[in-house]
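**Student:** The structure that follows is given in the form of C-alpha cells.
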Amino acid sequence: MKSAIQAIYKGKKTLEVSISKDIYYRNISFFYFYEDDKIKEKLIPIAKSESNNFFIYTLSVNNVIFSCEHDYFLYSDMNIQIPIDISYLATLEEFNERYKYSGKLGAIYTKRKTTFRVFSPFAREMKVKIKRKEDLYYRYYTMTRLSCGVYETSIEEDLESYIYMYEAKIFGTIYEVNDPYSFSLSSNGKYSYIVDLAKIKNIDSNIDKLTKLDSKMDYIIYECSVRDMTSKLDIEDKCTYKALTYPIKDKKRDVKLGIDYLESLGVTHIQLMPVLDFYTINEDDPLSQYNWGYDPNFFFVNEGSYSRDPNDPYKRLFELKELISSFHKRDLRVILDVVYNHVFSVSDNPLNILVPNYYFRKNPDGSLSNGSGCGNDIESRHHMARKLIMDSIIHYIKYFDVDGFRFDLMGVLDVDTINIAYQEAKKLKADIFFLGEGWDLWTNLKADEKCSMNNARKVPQVAFFNDRFRDIVKGQTNESQLSIRGYLSGDVNYLDGFKHVMLGSCKPIAFAPLFENPSQSVNYLECHDNNVLYDKLKFCLPLEGDNLIFRRIKMCIMATLFASGIPFFHQGEEIGLSKHGERNSYNKGDFINGFDYSLLKKREELYEFFKQAVILKKYVLSLAKENSVKDISTTEFINLPYGAVLIKYVIGKNVISLIFNPTYEKFTYDFNTYNKLIFSLAGNMDNLDTFCQVAIINEISFSMYIREEE
C-alpha cells in the first residue's frame, strides 16, 4: 500500500515523490534536498502527473552519490519533511559486494552474556528491546553499526528465556520487528525468545542406532506429515510432534499406528513435510485450520502448531529434536522438506523490513519475480540471502541432527547456492542427502544458473524428483490430463519410455537422458502434490474395480522399488489411500489428508505386500554387495507379447527376471531353463520352491524369478 507521503530513489539520479491529495491539495513548485542535516540542493520537478489520489513529481538529483551511511530527505515548499527510500541500492551488485558478514547472527546466548547481531544496512538506528515474559516493560539497548551493515550489542547478564525484538529506524520510519534469525518464537511469531541452543544439542539424537548405508541407491524414502500421521487417531496429543514419538495401540484392530507403523514399512528415510515455521495456521488454535506449510515465515525455528505449547520458549524445539531422535532409534533417517524459495508475505516479513529490496528477486521492471507461483522468489545469489539458507541448513544439522533436506521448488534457487550449501553441510555430516524439485521455473534467473534438472550435471551430489518416471509409469497428473494412461495403467505405447525410466532416465531410449547417474533420479508416482496414485488410476481406468486397481498399485510399487535410482513413496500410497479426488489438498483438512488406519485391516494384503517388496529390494541389494556389484541396473529388456516386458538383472551368477504385464491378455513365457518364482502379486510366496521353465503370465500382473547360472 502506498504511503500518504513518500519519496523513492529510482536509480539514474531520479526521485519519484508521491503526495496524497488528502493532505496536500495543490502542486508543489520546488523541494529542498537534504543529506543528513545539510541542504545539498534545491530541486525543481522535471515532470508532474497525478492519479485519482496522488500528486506525483519526478525530480533529478545531480550532486549526490547515494549511500547507506547517510540519511536523505526532502522538504517541500510548504516545509513538509519527506524521507527518501534509497532501497533501490540493494538491487545493485555493488551493494551485494559491499555489505557482507560471515559471522553468527541472531541472539547468541551464553550464561554470562547474550550478543545480538542483525543485518540491516539501511537502518540509521537500531535498538534491541528485552524483557522477561512476566515483566510489564521492555528495556532498550542501542546497538552499534558495523561497516558491513550489521548492528550488534552485548548484554552481560543471563537472559535465557527473555523476550526480545528489534526496533529499527529505516527511511524515517521506526519498525518493530522480530529477528529473522529467531531460534525460538512465541505463538504466531508475536516475539522472539532467547534460548540456549546447547540444550537442544544435548538431547541424544540416537544417531548411533542408524544402520550404515553404502550408497544413495540403498535409500527408500517415505514422505509424511507430522499432523497427518495422527490426525485421525483418538489420542490426547494428536497432530503434534509428541504424538509421533511414542507407540500407540489399536486394540480393536490390532494394527500398528504412528511411528510403529512407519518403522514397520522397512523404509530407510522419513521425509517430513514442512516443519519450519509457516504462516497460515493460528498456533493457539491449530486444529481449527489446516495447511501443509509451504508458506514459510522464519527459517531457524520450527512450526508451533505441532507443539503442545507453542508459547514455551523450548517446548517446540525439544519436541522436534525428540521426534528426530525417536526416528533414529528405529533406524529411520529424517529428511526435512524445506521451503527456501519464497516467503508467505514479502511486505511484513522481517527480511524485507530490515533490508528492503534485497532478499527477493526482481524482474527488470522492478516487480517481484514469481517463479515460485507464490508471489515472490528468494534472491539466493545475494550473499546474505545465500548465507541465510546455508545457516539454516547448518542449524538443523548441528542442533537437530537432520539427515537430509528436500528443497521445495529448487529450480528457483541457483546452482552455486546449492553446491556451496552441500559442501558446508557435508563437513558436519558426511552422508548428508540433498534432493529437490528441479522444475525449470519462470524465475528471473539465467537458465544455466537455475538448480533445475536441466543443470543436473552441475550439482552431481543432488537428487531430483523425476516427473518423467511418474508420468510414463502411471500417466499424466495435470487436471486436464487425468484420463491419459501410462505404461502400468495399460498404455503399452509407453513401453520404450518405461525402459528409459527403469534405467534411471540415464540412457537414450525413447527420450534424451535427464541424468548422468541414476543416483540423481528420485523415482516416484505420488507425493503430496497432485492426485494420489489410487485416485489417478480410478480416474483413468473407470471400468476397473478395486481388485484390478490394487494389482496395478502393486506393479507400481515394484517398478518404483526396482527402477535404477532412489525410490520415493507418499503416505498411504502403499495401501491405496484416496483423497477423494482432491488434486491440491494443501488446505483441505484432516478428513482428506489424514492417514486412515481403519483401512489397514481391510487392505492388509497391500500393506503386507509393500513390506515384503521392500524386504525383497534389500535382499537384491545385499546380493549385489556380496557380488561386488555397485548398481543393480537393468542388464537387458526382452519384449513380450501384447506389450509386456521382461527386465533382466544379472548379479554375479544370479539372473533375476522381473516381468510386467499391464494388459488384459494372458500368455506364457519359456525361459528355456528352470527359474525359481520368488515374488508375484501374492507377495511372499507360500511355497518358495516353486520352479518353472514355462511361466504363466496372467493379466495385469508382475512376477519375479531367479536362477543361478552354471
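Identifiers in this document derive from the order of the C-alpha cells: chains are assigned A, B, ..., residues are numbered from 1 separately in each chain, and ligands are numbered from 1 in order of occurrence.
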Which residues are close to Ala463 in chain A, i.e. within 8 Å by only C-alpha atoms, leaving aside same-chain residues fewer than 4 positions away? Reply as a list in words.
**Tutor:**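 Within the cut-off, the hits are Phe434, Leu435, Gly436, Ser519, Gln520, Ser521 and Val522 of chain A.
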**Student:** Write out, as a compact mmCIF listing (two decimals), in the first residue's frame, the residues just selected, with N, CA and C atoms.
**Tutor:**
```
# COMPACT_ATOMS: atom_id res chain seq x y z
N PHE A 434 20.85 -34.34 -0.17
CA PHE A 434 20.09 -33.24 -0.76
C PHE A 434 19.26 -33.80 -1.91
N LEU A 435 17.97 -33.45 -1.93
CA LEU A 435 17.11 -33.76 -3.07
C LEU A 435 16.15 -32.60 -3.24
N GLY A 436 15.57 -32.48 -4.43
CA GLY A 436 14.67 -31.35 -4.61
C GLY A 436 13.87 -31.42 -5.88
N SER A 519 21.72 -42.19 -9.41
CA SER A 519 21.60 -41.73 -8.03
C SER A 519 21.00 -40.33 -7.96
N GLN A 520 20.85 -39.66 -9.12
CA GLN A 520 20.20 -38.35 -9.14
C GLN A 520 18.70 -38.45 -9.41
N SER A 521 18.22 -39.65 -9.70
CA SER A 521 16.81 -39.82 -10.06
C SER A 521 15.99 -40.30 -8.85
N VAL A 522 15.11 -39.43 -8.36
CA VAL A 522 14.15 -39.84 -7.33
C VAL A 522 12.90 -40.32 -8.05
```
**Student:** Which residues come within 10 Å of Arg406 in chain A, counting only C-alpha atoms, excluding same-chain residues fewer than 5 positions away, as a ChimeraX atom specification?
**Tutor:** /A:271-274,335-339,433-437,462-465
**Student:** Can you write out the residues you just picked, keeping N, CA, C and O atoms, as a compact mmCIF listing (two decimals), in the first residue's frame?
**Tutor:**
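Dumped to again14.txt:
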```
# COMPACT_ATOMS: atom_id res chain seq x y z
N GLN A 271 10.65 -38.56 5.18
CA GLN A 271 10.70 -37.16 4.75
C GLN A 271 9.50 -36.43 5.34
O GLN A 271 8.36 -36.72 5.00
N LEU A 272 9.78 -35.50 6.26
CA LEU A 272 8.72 -34.76 6.92
C LEU A 272 8.33 -33.55 6.09
O LEU A 272 9.19 -32.71 5.76
N MET A 273 7.06 -33.44 5.75
CA MET A 273 6.58 -32.22 5.12
C MET A 273 6.85 -31.05 6.06
O MET A 273 7.13 -31.25 7.23
N PRO A 274 6.81 -29.79 5.57
CA PRO A 274 7.41 -28.67 6.29
C PRO A 274 7.15 -28.63 7.80
O PRO A 274 6.00 -28.69 8.24
N ILE A 335 14.57 -36.60 6.73
CA ILE A 335 14.74 -35.53 5.75
C ILE A 335 13.72 -34.44 6.05
O ILE A 335 12.54 -34.74 6.26
N LEU A 336 14.16 -33.20 6.10
CA LEU A 336 13.23 -32.09 6.26
C LEU A 336 12.89 -31.48 4.90
O LEU A 336 13.78 -31.21 4.09
N ASP A 337 11.63 -31.27 4.66
CA ASP A 337 11.15 -30.58 3.47
C ASP A 337 11.26 -29.08 3.74
O ASP A 337 10.54 -28.54 4.59
N VAL A 338 12.18 -28.41 3.06
CA VAL A 338 12.46 -27.00 3.36
C VAL A 338 12.05 -26.12 2.18
O VAL A 338 12.22 -26.47 1.02
N VAL A 339 11.50 -24.96 2.53
CA VAL A 339 10.95 -24.04 1.52
C VAL A 339 11.76 -22.75 1.57
O VAL A 339 11.37 -21.77 2.20
N PHE A 433 22.15 -35.74 2.74
CA PHE A 433 21.45 -36.02 1.48
C PHE A 433 20.65 -34.80 1.06
O PHE A 433 19.87 -34.25 1.84
N PHE A 434 20.85 -34.34 -0.17
CA PHE A 434 20.09 -33.24 -0.76
C PHE A 434 19.26 -33.80 -1.91
O PHE A 434 19.78 -34.50 -2.78
N LEU A 435 17.97 -33.45 -1.93
CA LEU A 435 17.11 -33.76 -3.07
C LEU A 435 16.15 -32.60 -3.24
O LEU A 435 15.94 -31.81 -2.31
N GLY A 436 15.57 -32.48 -4.43
CA GLY A 436 14.67 -31.35 -4.61
C GLY A 436 13.87 -31.42 -5.88
O GLY A 436 14.06 -32.30 -6.74
N GLU A 437 12.95 -30.47 -6.00
CA GLU A 437 12.12 -30.33 -7.19
C GLU A 437 12.90 -29.49 -8.21
O GLU A 437 13.12 -28.30 -8.00
N VAL A 462 23.27 -33.90 -5.89
CA VAL A 462 21.87 -33.60 -5.60
C VAL A 462 20.96 -34.50 -6.42
O VAL A 462 21.19 -34.71 -7.62
N ALA A 463 19.92 -35.03 -5.79
CA ALA A 463 18.93 -35.87 -6.48
C ALA A 463 17.70 -35.04 -6.83
O ALA A 463 17.36 -34.08 -6.11
N PHE A 464 17.02 -35.41 -7.90
CA PHE A 464 15.88 -34.65 -8.41
C PHE A 464 14.64 -35.53 -8.51
O PHE A 464 14.72 -36.70 -8.90
N PHE A 465 13.49 -34.96 -8.19
CA PHE A 465 12.23 -35.66 -8.40
C PHE A 465 12.02 -35.85 -9.91
O PHE A 465 12.01 -34.88 -10.66
```
**Student:** Would you mind listing what lies within 7 Å of range 58-70 of chain A as a short mmCIF file (atom, residue, chain, number, x, y, z; two decimals) with N, CA and C atoms, in the first residue's frame, with only C-alpha atoms counted and same-chain residues fewer than 3 positions away left out?
**Tutor:**
```cif
data_model
loop_
_atom_site.label_atom_id
_atom_site.label_comp_id
_atom_site.auth_asym_id
_atom_site.auth_seq_id
_atom_site.Cartn_x
_atom_site.Cartn_y
_atom_site.Cartn_z
N LYS A 13 19.83 8.79 -10.91
CA LYS A 13 19.71 10.14 -10.34
C LYS A 13 18.27 10.65 -10.33
N THR A 14 17.30 9.72 -10.27
CA THR A 14 15.89 10.10 -10.34
C THR A 14 15.16 9.78 -9.04
N LEU A 15 14.37 10.75 -8.57
CA LEU A 15 13.49 10.56 -7.43
C LEU A 15 12.04 10.66 -7.89
N GLU A 16 11.18 9.82 -7.29
CA GLU A 16 9.74 9.93 -7.53
C GLU A 16 9.07 10.24 -6.20
N VAL A 17 8.32 11.32 -6.17
CA VAL A 17 7.66 11.77 -4.95
C VAL A 17 6.15 11.64 -5.14
N GLU A 35 21.01 15.93 2.77
CA GLU A 35 21.81 14.76 3.14
C GLU A 35 22.18 14.93 4.59
N ASP A 36 21.72 14.02 5.44
CA ASP A 36 21.81 14.19 6.90
C ASP A 36 21.13 15.52 7.27
N LEU A 43 15.56 21.43 -5.69
CA LEU A 43 15.14 20.64 -6.84
C LEU A 43 13.81 21.14 -7.37
N ILE A 44 13.80 21.41 -8.67
CA ILE A 44 12.57 21.79 -9.36
C ILE A 44 12.05 20.55 -10.08
N PRO A 45 10.79 20.15 -9.90
CA PRO A 45 10.28 18.96 -10.60
C PRO A 45 10.49 19.04 -12.10
N ILE A 46 10.97 17.93 -12.68
CA ILE A 46 11.15 17.86 -14.13
C ILE A 46 9.92 17.27 -14.81
N ALA A 47 9.01 16.70 -14.00
CA ALA A 47 7.74 16.19 -14.54
C ALA A 47 6.73 16.13 -13.42
N LYS A 48 5.47 16.36 -13.78
CA LYS A 48 4.38 16.28 -12.82
C LYS A 48 3.26 15.44 -13.43
N PRO A 121 21.59 -2.84 6.62
CA PRO A 121 22.44 -1.73 6.18
C PRO A 121 21.72 -0.39 6.04
N PHE A 122 20.42 -0.40 5.71
CA PHE A 122 19.70 0.86 5.53
C PHE A 122 19.29 1.51 6.85
#
```
**Student:** Write down as a PDB file with C-alpha atoms, in the first residue's frame the residues of range 494-600 of chain A whose backbone DSSP state falls under strand (DSSP E or B).
**Tutor:**
```pdb
ATOM      1  CA  SER A 521      16.808 -39.818 -10.056  1.00  0.00           C
ATOM      2  CA  VAL A 522      14.152 -39.839  -7.326  1.00  0.00           C
ATOM      3  CA  ASN A 523      11.590 -42.248  -8.765  1.00  0.00           C
ATOM      4  CA  TYR A 524       8.084 -41.525  -7.546  1.00  0.00           C
ATOM      5  CA  ILE A 566      16.088 -43.731  -5.410  1.00  0.00           C
ATOM      6  CA  PRO A 567      12.530 -44.951  -4.651  1.00  0.00           C
ATOM      7  CA  PHE A 568      10.124 -42.480  -3.046  1.00  0.00           C
ATOM      8  CA  PHE A 569       6.646 -43.123  -1.615  1.00  0.00           C
ATOM      9  CA  HIS A 570       3.998 -40.839  -0.160  1.00  0.00           C
TER      10      HIS A 570
END
```
**Student:** Hey, can you check how far CA of Tyr294 in chain A sits from CA of Phe539 in chain A?
**Tutor:**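 About the pair CA of Tyr294 in chain A and CA of Phe539 in chain A: they are 27.2 Å apart.
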**Student:** As a PyMOL selection string, please: every residue in range 523-692 of chain A that a backbone DSSP assignment puts in alpha helix (DSSP H).
**Tutor:** chain A and resi 533-540+546-562+590-593+599-602+604-626
**Student:** Looking at only C-alpha atoms, which of A:Asp85, A:Glu709, A:Asp529, A:Asp77 is the one that sits closest to Ser3 in chain A?
**Tutor:**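 Nearest candidate to Ser3 in chain A out of A:Asp85, A:Glu709, A:Asp529, A:Asp77: A:Asp85.
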**Student:** At a cut-off of 10 Å, using only C-alpha atoms, what residues contact Ser182 in chain A? Leave out same-chain residues fewer than 4 positions from it and give the result as a list in words.
**Tutor:**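 Near Ser182 in chain A, the qualifying residues are Leu105, Gly106, Ala107, Tyr164, Met165, Asn178, Gly189, Tyr191, Ser192, Tyr193, Ile194, Val195, Phe298, Phe299, Phe300 and Val301 of chain A.
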**Student:** So how many Å separate CA of Ser598 in chain A and CA of Leu533 in chain A, to one decimal?
**Tutor:**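 The value is 19.0 Å.
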**Student:** Can you measure CA of Leu413 in chain A to CA of Lys450 in chain A for me? One decimal in Å is fine.
**Tutor:**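 A separation of 6.1 Å between them.
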**Student:** Would you please work out which residue, of A:Tyr137, A:Trp439, A:Phe679, A:Phe515, is nearest to Val614 in chain A when using only C-alpha atoms?
**Tutor:**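 Under the stated criterion, the closest residue is A:Phe679.
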**Student:** Name all residues at most 10 Å from Tyr358 in chain A (count only C-alpha atoms; drop same-chain ones fewer than 4 positions away) and give them as a VMD selection string.
**Tutor:** chain A and resid 87 to 92 95 to 96 351 to 354 362 378 to 379 382 to 385
**Student:** Of the residues A:Pro513, A:Pro542, A:Pro508, A:Gly258, which is the one nearest to Arg485 in chain A, using only C-alpha atoms?
**Tutor:**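 Answer, going by the shortest atom-to-atom distance: A:Pro542.
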**Student:** Looking at A:Asp491, A:Glu319, A:Glu636, A:Asp631, which one is nearest to Pro518 in chain A, with distances taken over only C-alpha atoms?
**Tutor:**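 Ranking A:Asp491, A:Glu319, A:Glu636, A:Asp631 by distance to Pro518 in chain A, first place goes to A:Asp631.
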**Student:** Nearest to Ile28 in chain A: which of A:Val346, A:Asp250, A:Phe73, A:Met78 is it, counting only C-alpha atoms?
**Tutor:**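 Among the listed residues, A:Met78 lies closest to Ile28 in chain A.
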**Student:** Residues near range 222-232 of chain A, anyone? I mean within 9 Å using only C-alpha atoms, not counting same-chain ones fewer than 3 positions away, as a PyMOL selection string.
**Tutor:** chain A and resi 235+237-241+243-244+257-259+262+267-275+292+306+335+527-528+567-572+590-591+593-597
**Student:** Convert the current residue selection to file output with C-alpha atoms, as a compact mmCIF listing (two decimals), in the first residue's frame.
**Tutor:**
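Contents of the output file selection-v4.txt:
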```
# COMPACT_ATOMS: atom_id res chain seq x y z
CA ILE A 235 -5.46 -39.61 21.36
CA ASP A 237 -1.74 -35.21 21.66
CA LYS A 238 -2.85 -35.94 18.11
CA CYS A 239 -1.37 -33.81 15.31
CA THR A 240 1.74 -32.98 17.35
CA TYR A 241 5.43 -33.84 17.27
CA ALA A 243 2.17 -37.93 19.22
CA LEU A 244 4.53 -39.27 16.61
CA LEU A 257 -0.05 -46.87 14.37
CA GLY A 258 2.07 -43.73 14.18
CA ILE A 259 5.79 -44.23 14.45
CA LEU A 262 6.32 -46.12 9.82
CA VAL A 267 11.93 -47.79 4.58
CA THR A 268 15.23 -46.03 5.31
CA HIS A 269 14.21 -42.35 5.35
CA ILE A 270 11.20 -40.43 6.62
CA GLN A 271 10.70 -37.16 4.75
CA LEU A 272 8.72 -34.76 6.92
CA MET A 273 6.58 -32.22 5.12
CA PRO A 274 7.41 -28.67 6.29
CA VAL A 275 8.18 -28.34 10.00
CA TRP A 292 0.73 -28.25 4.67
CA TYR A 306 2.63 -29.09 16.01
CA ILE A 335 14.74 -35.53 5.75
CA CYS A 527 3.74 -37.14 -3.47
CA HIS A 528 1.74 -34.55 -1.56
CA PRO A 567 12.53 -44.95 -4.65
CA PHE A 568 10.12 -42.48 -3.05
CA PHE A 569 6.65 -43.12 -1.61
CA HIS A 570 4.00 -40.84 -0.16
CA GLN A 571 1.97 -41.61 2.96
CA GLY A 572 -0.76 -44.13 2.21
CA ASP A 590 -7.79 -33.74 8.20
CA PHE A 591 -10.62 -35.74 6.62
CA ASN A 593 -5.29 -35.58 4.32
CA GLY A 594 -5.18 -37.65 7.49
CA PHE A 595 -3.83 -41.20 7.44
CA ASP A 596 -6.80 -43.59 7.67
CA TYR A 597 -5.56 -46.51 9.76
```
**Student:** Mind checking which residues fall within 9 Å of Ser205 in chain A, counting only C-alpha atoms, ignoring those fewer than 2 positions away in the same chain, and posting them as a PyMOL selection string?
**Tutor:** chain A and resi 201-203+207-208+321-322+324-326+328-329+400-401
